[in-house]
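Student: Would you mind keeping the following structure in view while I ask a few things?
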Amino acid sequence: MTTEGVRLSKFPVEIVDHIFSFLPLPDRKSASLVCRLWNELAFDDRYMRHVVINFSGWESSNKISYLRKSSRRYRNILAYLGRELHREIFFDIIIEVLDHIGSELRSFHCMALMSEKQLWSVISRVPKLEQLIVGFYTSSSRQQECFFPELKNLKDLRLLENVHQIQSLNIPALTQFSGNFSDSWDAKESLAALRRMAPQLKRLELQSSENFIPIDELQFPNVEKLELSGQIYQDASNSALRALFSGFKCLKEVDLIFNTEQLVLDIITKECPGIEKLHFENHPLNPNSFSLLERLKRLETLSLVVSIDTPIILESKPLVSVKRLCLQIYNMDADASVIKGLRKLLPNVNDVSVILATYFKPENVLDHICRSFSHIKRIYISHAWNPQLDGNLLGTLQHLDHLEELLLNGIHTPVELMVPNRHMKRLTLEHCRWLTDGNLLNLAQLYPNLKYLELVWCTKVTPRGLEKFRSVLADCVVYRVRSNPLRYTDSKHQQLKFFLSWIL
């Protein structure tokens, strides 16, 4: 009996579309060449949310001609056309691109300086813009780059008749805001604008080198993700902190990028019990912090940046809702009691990310983690300062009997010293410049049941090496990000953090 394959074109459109949802960007691009229908499906608006078009160096090439012929409507732009964008040859390219796709654009990140006139030429072409970051110069400070716009600079814009128009400017699509306040003038001039935009914001980032903002005067009822850094709360009273955090009715993610005092944790866990993801720093680690986290019944991801100078005892009820733990450890003592304590406090964690931030025997730290969390299925390992670590650092993975997914960022360990694992299904290697074609064949022997291999900027791996790897593991999908930046990138694989500095 013979069987005949079924053509993919015979499947309903909904099934083909579902299949496309699993494809990385390069494969979607290849599929889009098959026919007009597949092109429409491959570049549907849903998939374009994470695609960033990068046109660095377009001023000296004919790449702009390809964009003229394209019907795709990109939503995110990353541009670098030379530092002095006010040169007309560079700015003309920006304007042509925005005239072509600006109506659907959501984010615009331009790594260059703009004049006031150029800035407003851009804004007029992007009615749905949600994120903006540019360099900005005025006649009084042409050489000073700053995030646009600081309100004190907006008063100098010649295209506006008066300051009143600035205060009444409406940006209804704006949902994300990032403010960096370096002096009290910035804070004072921005306070009214912050109050006005507060109800529409979903994401908020505030940073200050000193305590300039009267935080008790701000309320953000719809913000779901909050990031505070610097000295944004320094010298604030207990009542001011409570007034600030009581205004967050929908808060789900919080990043506290400073040495977090118990007072702040106490208030935020009381006022915002719906938090699902929390990041904070403790130097040194305060064991009482975990008793405060008992209030967060929905907490799923806990991220800690800590230094551990002496052995301490962690006492708290188990945080059973936490499924993922992210650790960045400084100056950890060789004693394993703290990691064992974390294991008891977090019994249901199955996903661990480790950023090693110590030069002193980082393999000991990783060994303590792997022994204590031996049941986990996924681990990410990186090093904050010295990514090219030598030695058998990954020998500690032998304790992870159920590991199915491993992500390494720049960690240098000879492949022949890595631990075999028949359970491994997914492997991601980022910035592993030591990896060669021969190493790939070794990986195929170490992980015979591997289903997905991702190589990010592994410069020594060649197409021939990939072919040999596929001949050994025919069922393994291989996704490769080359060393040269792609003209189009997918932020699922190459994360680009867009800081919004729009303070209107």
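Residue names in the structure tokens use chain letters A, B, ... in the order shown, residue numbers from 1 in each chain, and ligand numbers from 1 in the order shown.
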With DSSP run on the backbone, what are the alpha helix (DSSP H) residues within stretch 207-335 of chain A? I'd like them as a list in words.

Tutor: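 Answer for stretch 207-335 of chain A restricted to alpha helix (DSSP H) is Asn238, Ser239, Ala240, Leu241, Arg242, Ala243, Leu244, Phe245, Ser246, Gln262, Leu263, Val264, Leu265, Asp266, Ile267, Ile268, Thr269, Lys270, Glu271, Ser289, Phe290, Ser291 and Leu292 of chain A.
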
Student: Produce a file of the selected residues containing N, CA, C and O atoms, as an mmCIF file, in the first residue's frame.

Tutor:
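Printed below is out30.cif as written:
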data_model
loop_
_atom_site.group_PDB
_atom_site.id
_atom_site.type_symbol
_atom_site.label_atom_id
_atom_site.label_comp_id
_atom_site.auth_asym_id
_atom_site.auth_seq_id
_atom_site.Cartn_x
_atom_site.Cartn_y
_atom_site.Cartn_z
ATOM 1 N N ASN A 238 6.969 57.662 54.988
ATOM 2 C CA ASN A 238 6.153 56.454 54.954
ATOM 3 C C ASN A 238 4.822 56.736 54.252
ATOM 4 O O ASN A 238 4.364 55.960 53.410
ATOM 5 N N SER A 239 4.207 57.847 54.571
ATOM 6 C CA SER A 239 2.907 58.190 53.977
ATOM 7 C C SER A 239 3.030 58.466 52.482
ATOM 8 O O SER A 239 2.126 58.125 51.704
ATOM 9 N N ALA A 240 4.140 59.079 52.060
ATOM 10 C CA ALA A 240 4.333 59.357 50.636
ATOM 11 C C ALA A 240 4.469 58.065 49.840
ATOM 12 O O ALA A 240 3.902 57.922 48.749
ATOM 13 N N LEU A 241 5.211 57.100 50.372
ATOM 14 C CA LEU A 241 5.372 55.821 49.695
ATOM 15 C C LEU A 241 4.039 55.084 49.610
ATOM 16 O O LEU A 241 3.705 54.495 48.573
ATOM 17 N N ARG A 242 3.264 55.138 50.683
ATOM 18 C CA ARG A 242 1.959 54.471 50.663
ATOM 19 C C ARG A 242 1.021 55.144 49.668
ATOM 20 O O ARG A 242 0.252 54.472 48.972
ATOM 21 N N ALA A 243 1.082 56.461 49.589
ATOM 22 C CA ALA A 243 0.232 57.185 48.643
ATOM 23 C C ALA A 243 0.590 56.814 47.209
ATOM 24 O O ALA A 243 -0.287 56.659 46.349
ATOM 25 N N LEU A 244 1.892 56.658 46.937
ATOM 26 C CA LEU A 244 2.325 56.289 45.590
ATOM 27 C C LEU A 244 1.844 54.896 45.228
ATOM 28 O O LEU A 244 1.161 54.705 44.208
ATOM 29 N N PHE A 245 2.158 53.903 46.042
ATOM 30 C CA PHE A 245 1.866 52.526 45.670
ATOM 31 C C PHE A 245 0.385 52.190 45.776
ATOM 32 O O PHE A 245 -0.085 51.270 45.097
ATOM 33 N N SER A 246 -0.361 52.913 46.576
ATOM 34 C CA SER A 246 -1.803 52.661 46.642
ATOM 35 C C SER A 246 -2.495 53.065 45.348
ATOM 36 O O SER A 246 -3.612 52.628 45.079
ATOM 37 N N GLN A 262 13.615 47.449 53.672
ATOM 38 C CA GLN A 262 12.459 46.702 54.132
ATOM 39 C C GLN A 262 11.189 47.533 54.095
ATOM 40 O O GLN A 262 10.100 47.016 53.852
ATOM 41 N N LEU A 263 11.321 48.848 54.336
ATOM 42 C CA LEU A 263 10.150 49.720 54.313
ATOM 43 C C LEU A 263 9.456 49.683 52.960
ATOM 44 O O LEU A 263 8.223 49.594 52.874
ATOM 45 N N VAL A 264 10.240 49.751 51.885
ATOM 46 C CA VAL A 264 9.661 49.741 50.540
ATOM 47 C C VAL A 264 8.980 48.406 50.254
ATOM 48 O O VAL A 264 7.847 48.357 49.742
ATOM 49 N N LEU A 265 9.648 47.297 50.574
ATOM 50 C CA LEU A 265 9.041 45.988 50.353
ATOM 51 C C LEU A 265 7.777 45.813 51.182
ATOM 52 O O LEU A 265 6.778 45.248 50.710
ATOM 53 N N ASP A 266 7.796 46.306 52.408
ATOM 54 C CA ASP A 266 6.633 46.193 53.284
ATOM 55 C C ASP A 266 5.436 46.913 52.678
ATOM 56 O O ASP A 266 4.322 46.368 52.616
ATOM 57 N N ILE A 267 5.665 48.130 52.197
ATOM 58 C CA ILE A 267 4.559 48.920 51.660
ATOM 59 C C ILE A 267 4.047 48.358 50.339
ATOM 60 O O ILE A 267 2.839 48.218 50.128
ATOM 61 N N ILE A 268 4.955 48.011 49.453
ATOM 62 C CA ILE A 268 4.523 47.567 48.127
ATOM 63 C C ILE A 268 3.806 46.219 48.189
ATOM 64 O O ILE A 268 2.863 45.964 47.433
ATOM 65 N N THR A 269 4.217 45.330 49.084
ATOM 66 C CA THR A 269 3.532 44.042 49.195
ATOM 67 C C THR A 269 2.161 44.181 49.859
ATOM 68 O O THR A 269 1.265 43.368 49.619
ATOM 69 N N LYS A 270 1.980 45.211 50.689
ATOM 70 C CA LYS A 270 0.673 45.463 51.288
ATOM 71 C C LYS A 270 -0.272 46.133 50.301
ATOM 72 O O LYS A 270 -1.444 45.761 50.181
ATOM 73 N N GLU A 271 0.234 47.146 49.592
ATOM 74 C CA GLU A 271 -0.626 47.951 48.728
ATOM 75 C C GLU A 271 -0.880 47.303 47.374
ATOM 76 O O GLU A 271 -1.876 47.602 46.726
ATOM 77 N N SER A 289 13.166 39.707 54.256
ATOM 78 C CA SER A 289 12.475 40.090 53.022
ATOM 79 C C SER A 289 11.460 39.039 52.594
ATOM 80 O O SER A 289 10.381 39.359 52.079
ATOM 81 N N PHE A 290 11.766 37.779 52.828
ATOM 82 C CA PHE A 290 10.910 36.710 52.308
ATOM 83 C C PHE A 290 9.609 36.578 53.085
ATOM 84 O O PHE A 290 8.593 36.156 52.524
ATOM 85 N N SER A 291 9.617 36.944 54.347
ATOM 86 C CA SER A 291 8.365 36.908 55.104
ATOM 87 C C SER A 291 7.380 37.936 54.555
ATOM 88 O O SER A 291 6.164 37.724 54.592
ATOM 89 N N LEU A 292 7.889 39.053 54.019
ATOM 90 C CA LEU A 292 7.014 40.058 53.419
ATOM 91 C C LEU A 292 6.408 39.564 52.110
ATOM 92 O O LEU A 292 5.289 39.947 51.737
#

Student: With distances taken over only C-alpha atoms, which of A:Tyr447, A:Val456, A:Leu440, A:Leu129 is nearest to A:Arg470?

Tutor: A:Leu440

Student: Which residues are near A:Ile275? Cut-off 10 Å, only C-alpha atoms, ignore same chain within fewer than 6 positions. Put them as a PyMOL selection string.

Tutor: chain A and resi 224-225+250-254+268-269+295-301

Student: May I have the residues within 12 Å of A:Arg72 as a PyMOL selection string, using only C-alpha atoms and disregarding those fewer than 3 positions away in the same chain?

Tutor: chain A and resi 29+32+39-45+47-48+51+53+66-69+75-76+100-102+104-105

Student: How about saving the chosen residues, N, CA and C atoms kept, as a compact mmCIF listing (two decimals), in the first residue's frame?

Tutor:
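Result went into part_5.txt, see below:
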# COMPACT_ATOMS: atom_id res chain seq x y z
N LYS A 29 9.94 34.41 6.39
CA LYS A 29 10.33 35.12 5.18
C LYS A 29 10.42 34.17 3.99
N SER A 32 6.99 33.15 2.86
CA SER A 32 6.24 34.23 2.22
C SER A 32 6.47 34.30 0.71
N ASN A 39 2.33 35.02 1.75
CA ASN A 39 2.99 36.29 2.07
C ASN A 39 2.13 37.09 3.04
N GLU A 40 0.83 37.11 2.80
CA GLU A 40 -0.07 37.84 3.69
C GLU A 40 -0.11 37.21 5.07
N LEU A 41 -0.11 35.88 5.13
CA LEU A 41 -0.16 35.19 6.42
C LEU A 41 1.15 35.36 7.18
N ALA A 42 2.28 35.23 6.47
CA ALA A 42 3.59 35.28 7.13
C ALA A 42 3.87 36.63 7.74
N PHE A 43 3.31 37.68 7.15
CA PHE A 43 3.57 39.04 7.64
C PHE A 43 2.27 39.70 8.11
N ASP A 44 1.42 38.88 8.70
CA ASP A 44 0.21 39.41 9.32
C ASP A 44 0.58 40.36 10.44
N ASP A 45 -0.31 41.28 10.75
CA ASP A 45 -0.03 42.31 11.75
C ASP A 45 0.34 41.72 13.11
N TYR A 47 2.18 39.10 13.74
CA TYR A 47 3.58 38.70 13.76
C TYR A 47 4.53 39.88 13.64
N MET A 48 4.04 41.00 13.14
CA MET A 48 4.90 42.17 12.96
C MET A 48 5.14 42.92 14.27
N VAL A 51 8.78 42.36 15.20
CA VAL A 51 9.78 42.50 14.14
C VAL A 51 10.30 43.93 14.12
N ILE A 53 12.72 46.57 12.03
CA ILE A 53 13.47 46.81 10.81
C ILE A 53 14.64 47.73 11.14
N TYR A 66 14.29 48.53 -2.04
CA TYR A 66 13.52 47.33 -1.71
C TYR A 66 12.32 47.69 -0.85
N LEU A 67 12.50 48.64 0.05
CA LEU A 67 11.40 49.04 0.92
C LEU A 67 10.31 49.73 0.11
N ARG A 68 10.69 50.48 -0.91
CA ARG A 68 9.69 51.16 -1.75
C ARG A 68 8.74 50.16 -2.41
N LYS A 69 9.27 48.99 -2.76
CA LYS A 69 8.48 47.98 -3.45
C LYS A 69 7.70 47.09 -2.50
N ARG A 75 6.16 47.81 12.15
CA ARG A 75 5.66 48.56 13.30
C ARG A 75 6.78 49.13 14.16
N ASN A 76 8.00 48.63 13.97
CA ASN A 76 9.12 49.06 14.81
C ASN A 76 10.33 49.38 13.94
N HIS A 100 6.40 56.11 4.00
CA HIS A 100 5.97 54.83 3.46
C HIS A 100 5.27 53.97 4.51
N ILE A 101 5.79 53.93 5.74
CA ILE A 101 5.24 53.01 6.75
C ILE A 101 4.89 53.70 8.06
N GLY A 102 5.01 55.04 8.11
CA GLY A 102 4.80 55.75 9.37
C GLY A 102 3.40 55.66 9.93
N GLU A 104 1.50 53.19 10.43
CA GLU A 104 1.29 52.04 11.30
C GLU A 104 2.40 51.86 12.33
N LEU A 105 3.34 52.79 12.36
CA LEU A 105 4.51 52.63 13.23
C LEU A 105 4.13 52.78 14.70

Student: So how many Å separate atom CA of A:Glu281 and atom CA of A:Ser229, to one decimal?

Tutor: 10.8 Å

Student: Within 7 Å of A:Leu325, counting only C-alpha atoms, which residues show up once you throw out same-chain ones fewer than 2 positions away? Write them as a PyMOL selection string, please.

Tutor: chain A and resi 301-303+323+327+349+351-353

Student: Keeping C-alpha atoms, export the residues of the selection given above as a tab-separated table (two decimals), in the first residue's frame.

Tutor:
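Just written: result13.tsv:
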chain	number	residue	atom	x	y	z
A	301	THR	CA	8.59	35.05	39.02
A	302	LEU	CA	11.02	36.18	41.70
A	303	SER	CA	14.21	37.97	40.64
A	323	LYS	CA	7.58	28.95	39.44
A	327	LEU	CA	19.45	35.02	40.73
A	349	VAL	CA	10.40	26.43	41.12
A	351	ASP	CA	12.94	27.34	35.96
A	352	VAL	CA	16.15	29.00	37.21
A	353	SER	CA	18.22	31.81	35.68

Student: For stretch 121-126 of chain A, work out the shell of residues within 10 Å, counting only C-alpha atoms and skipping chain neighbours fewer than 2 positions away, then give it as a PyMOL selection string.

Tutor: chain A and resi 91+94-95+97-108+114-119+128-130+132

Student: Ranking A:Pro448, A:Pro214, A:Pro287, A:Pro12 by minimum distance to A:Leu427 and counting only C-alpha atoms, which one comes first?

Tutor: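 The answer is A:Pro448, which sits nearest to A:Leu427.
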
Student: Which residues come within 12 Å of A:Lys377, counting only C-alpha atoms, excluding same-chain residues fewer than 5 positions away, as JSON, numbers by chain?

Tutor: {"A": [323, 324, 348, 349, 350, 351, 352, 353, 370, 397, 399, 400, 401, 402, 403, 404, 405, 406, 407, 421, 423, 424, 425, 426]}

Student: Using N, CA, C and O atoms, can you export the residues from the last selection as a JSON list (two decimals), in the first residue's frame?

Tutor:
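Writing the result to out.json gives the following:
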[["chain", "number", "residue", "atom", "x", "y", "z"],
["A", 323, "LYS", "N", 7.15, 30.00, 40.36],
["A", 323, "LYS", "CA", 7.58, 28.95, 39.44],
["A", 323, "LYS", "C", 8.95, 29.24, 38.84],
["A", 323, "LYS", "O", 9.62, 28.32, 38.36],
["A", 324, "ARG", "N", 9.36, 30.50, 38.86],
["A", 324, "ARG", "CA", 10.62, 30.86, 38.22],
["A", 324, "ARG", "C", 11.46, 31.71, 39.16],
["A", 324, "ARG", "O", 10.95, 32.65, 39.77],
["A", 348, "ASN", "N", 8.29, 24.94, 44.42],
["A", 348, "ASN", "CA", 7.70, 24.65, 43.12],
["A", 348, "ASN", "C", 8.44, 25.30, 41.94],
["A", 348, "ASN", "O", 7.94, 25.29, 40.83],
["A", 349, "VAL", "N", 9.62, 25.84, 42.20],
["A", 349, "VAL", "CA", 10.40, 26.43, 41.12],
["A", 349, "VAL", "C", 10.90, 25.34, 40.18],
["A", 349, "VAL", "O", 11.49, 24.34, 40.62],
["A", 350, "ASN", "N", 10.67, 25.50, 38.87],
["A", 350, "ASN", "CA", 11.19, 24.56, 37.88],
["A", 350, "ASN", "C", 12.00, 25.24, 36.79],
["A", 350, "ASN", "O", 12.41, 24.61, 35.82],
["A", 351, "ASP", "N", 12.22, 26.54, 36.94],
["A", 351, "ASP", "CA", 12.94, 27.34, 35.96],
["A", 351, "ASP", "C", 13.86, 28.29, 36.71],
["A", 351, "ASP", "O", 13.39, 29.11, 37.50],
["A", 352, "VAL", "N", 15.18, 28.17, 36.49],
["A", 352, "VAL", "CA", 16.15, 29.00, 37.21],
["A", 352, "VAL", "C", 17.06, 29.71, 36.23],
["A", 352, "VAL", "O", 17.58, 29.10, 35.28],
["A", 353, "SER", "N", 17.24, 31.02, 36.43],
["A", 353, "SER", "CA", 18.22, 31.81, 35.68],
["A", 353, "SER", "C", 19.30, 32.27, 36.64],
["A", 353, "SER", "O", 18.99, 32.80, 37.71],
["A", 370, "CYS", "N", 22.65, 23.95, 41.57],
["A", 370, "CYS", "CA", 22.25, 22.73, 40.89],
["A", 370, "CYS", "C", 21.93, 21.60, 41.87],
["A", 370, "CYS", "O", 21.01, 20.81, 41.64],
["A", 397, "LEU", "N", 26.14, 20.53, 36.17],
["A", 397, "LEU", "CA", 24.82, 20.19, 35.64],
["A", 397, "LEU", "C", 24.50, 18.71, 35.80],
["A", 397, "LEU", "O", 23.36, 18.31, 35.55],
["A", 399, "HIS", "N", 23.95, 17.25, 38.37],
["A", 399, "HIS", "CA", 22.97, 17.12, 39.44],
["A", 399, "HIS", "C", 21.54, 17.34, 38.96],
["A", 399, "HIS", "O", 20.59, 17.03, 39.68],
["A", 400, "LEU", "N", 21.38, 17.88, 37.75],
["A", 400, "LEU", "CA", 20.04, 18.20, 37.24],
["A", 400, "LEU", "C", 19.52, 17.01, 36.44],
["A", 400, "LEU", "O", 19.65, 16.93, 35.22],
["A", 401, "ASP", "N", 18.89, 16.08, 37.13],
["A", 401, "ASP", "CA", 18.47, 14.82, 36.51],
["A", 401, "ASP", "C", 17.31, 14.98, 35.53],
["A", 401, "ASP", "O", 17.11, 14.12, 34.68],
["A", 402, "HIS", "N", 16.53, 16.07, 35.66],
["A", 402, "HIS", "CA", 15.34, 16.23, 34.83],
["A", 402, "HIS", "C", 15.46, 17.39, 33.84],
["A", 402, "HIS", "O", 14.46, 17.82, 33.27],
["A", 403, "LEU", "N", 16.65, 17.90, 33.63],
["A", 403, "LEU", "CA", 16.84, 19.08, 32.81],
["A", 403, "LEU", "C", 16.46, 18.81, 31.35],
["A", 403, "LEU", "O", 16.93, 17.85, 30.75],
["A", 404, "GLU", "N", 15.60, 19.69, 30.81],
["A", 404, "GLU", "CA", 15.15, 19.57, 29.43],
["A", 404, "GLU", "C", 15.56, 20.75, 28.55],
["A", 404, "GLU", "O", 15.58, 20.63, 27.33],
["A", 405, "GLU", "N", 15.88, 21.88, 29.18],
["A", 405, "GLU", "CA", 16.25, 23.06, 28.40],
["A", 405, "GLU", "C", 17.42, 23.76, 29.06],
["A", 405, "GLU", "O", 17.40, 24.06, 30.25],
["A", 406, "LEU", "N", 18.46, 24.06, 28.25],
["A", 406, "LEU", "CA", 19.68, 24.70, 28.73],
["A", 406, "LEU", "C", 19.98, 25.91, 27.85],
["A", 406, "LEU", "O", 20.01, 25.80, 26.62],
["A", 407, "LEU", "N", 20.20, 27.07, 28.50],
["A", 407, "LEU", "CA", 20.56, 28.29, 27.79],
["A", 407, "LEU", "C", 21.87, 28.80, 28.36],
["A", 407, "LEU", "O", 21.98, 29.05, 29.56],
["A", 421, "ASN", "N", 23.10, 14.14, 28.58],
["A", 421, "ASN", "CA", 21.74, 14.23, 29.11],
["A", 421, "ASN", "C", 20.77, 13.76, 28.02],
["A", 421, "ASN", "O", 20.61, 14.42, 27.00],
["A", 423, "HIS", "N", 17.60, 13.59, 28.41],
["A", 423, "HIS", "CA", 16.33, 14.30, 28.54],
["A", 423, "HIS", "C", 16.35, 15.65, 27.82],
["A", 423, "HIS", "O", 15.29, 16.25, 27.61],
["A", 424, "MET", "N", 17.52, 16.14, 27.44],
["A", 424, "MET", "CA", 17.64, 17.48, 26.87],
["A", 424, "MET", "C", 16.88, 17.58, 25.55],
["A", 424, "MET", "O", 17.09, 16.80, 24.63],
["A", 425, "LYS", "N", 16.00, 18.60, 25.49],
["A", 425, "LYS", "CA", 15.20, 18.81, 24.28],
["A", 425, "LYS", "C", 15.52, 20.14, 23.60],
["A", 425, "LYS", "O", 15.39, 20.24, 22.38],
["A", 426, "ARG", "N", 15.90, 21.15, 24.38],
["A", 426, "ARG", "CA", 16.14, 22.47, 23.81],
["A", 426, "ARG", "C", 17.48, 23.01, 24.32],
["A", 426, "ARG", "O", 17.76, 22.96, 25.52]]

Student: What separation in Å, quoted to one decimal, exists between atom CA of A:Leu191 and atom CA of A:Ile257?

Tutor: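 Between atom CA of A:Leu191 and atom CA of A:Ile257 the gap works out to 22.0 Å.
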
Student: Would you work out the distance separating atom CA of A:Ile355 from atom CA of A:Glu430, expressed in Å to one decimal?

Tutor: 13.9 Å

Student: Ranking A:Arg73, A:Arg480, A:Lys344, A:His383 by minimum distance to A:Glu315 and counting only C-alpha atoms, which one comes first?

Tutor: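 Residue with the minimum atom-to-atom distance to A:Glu315: A:Lys344.
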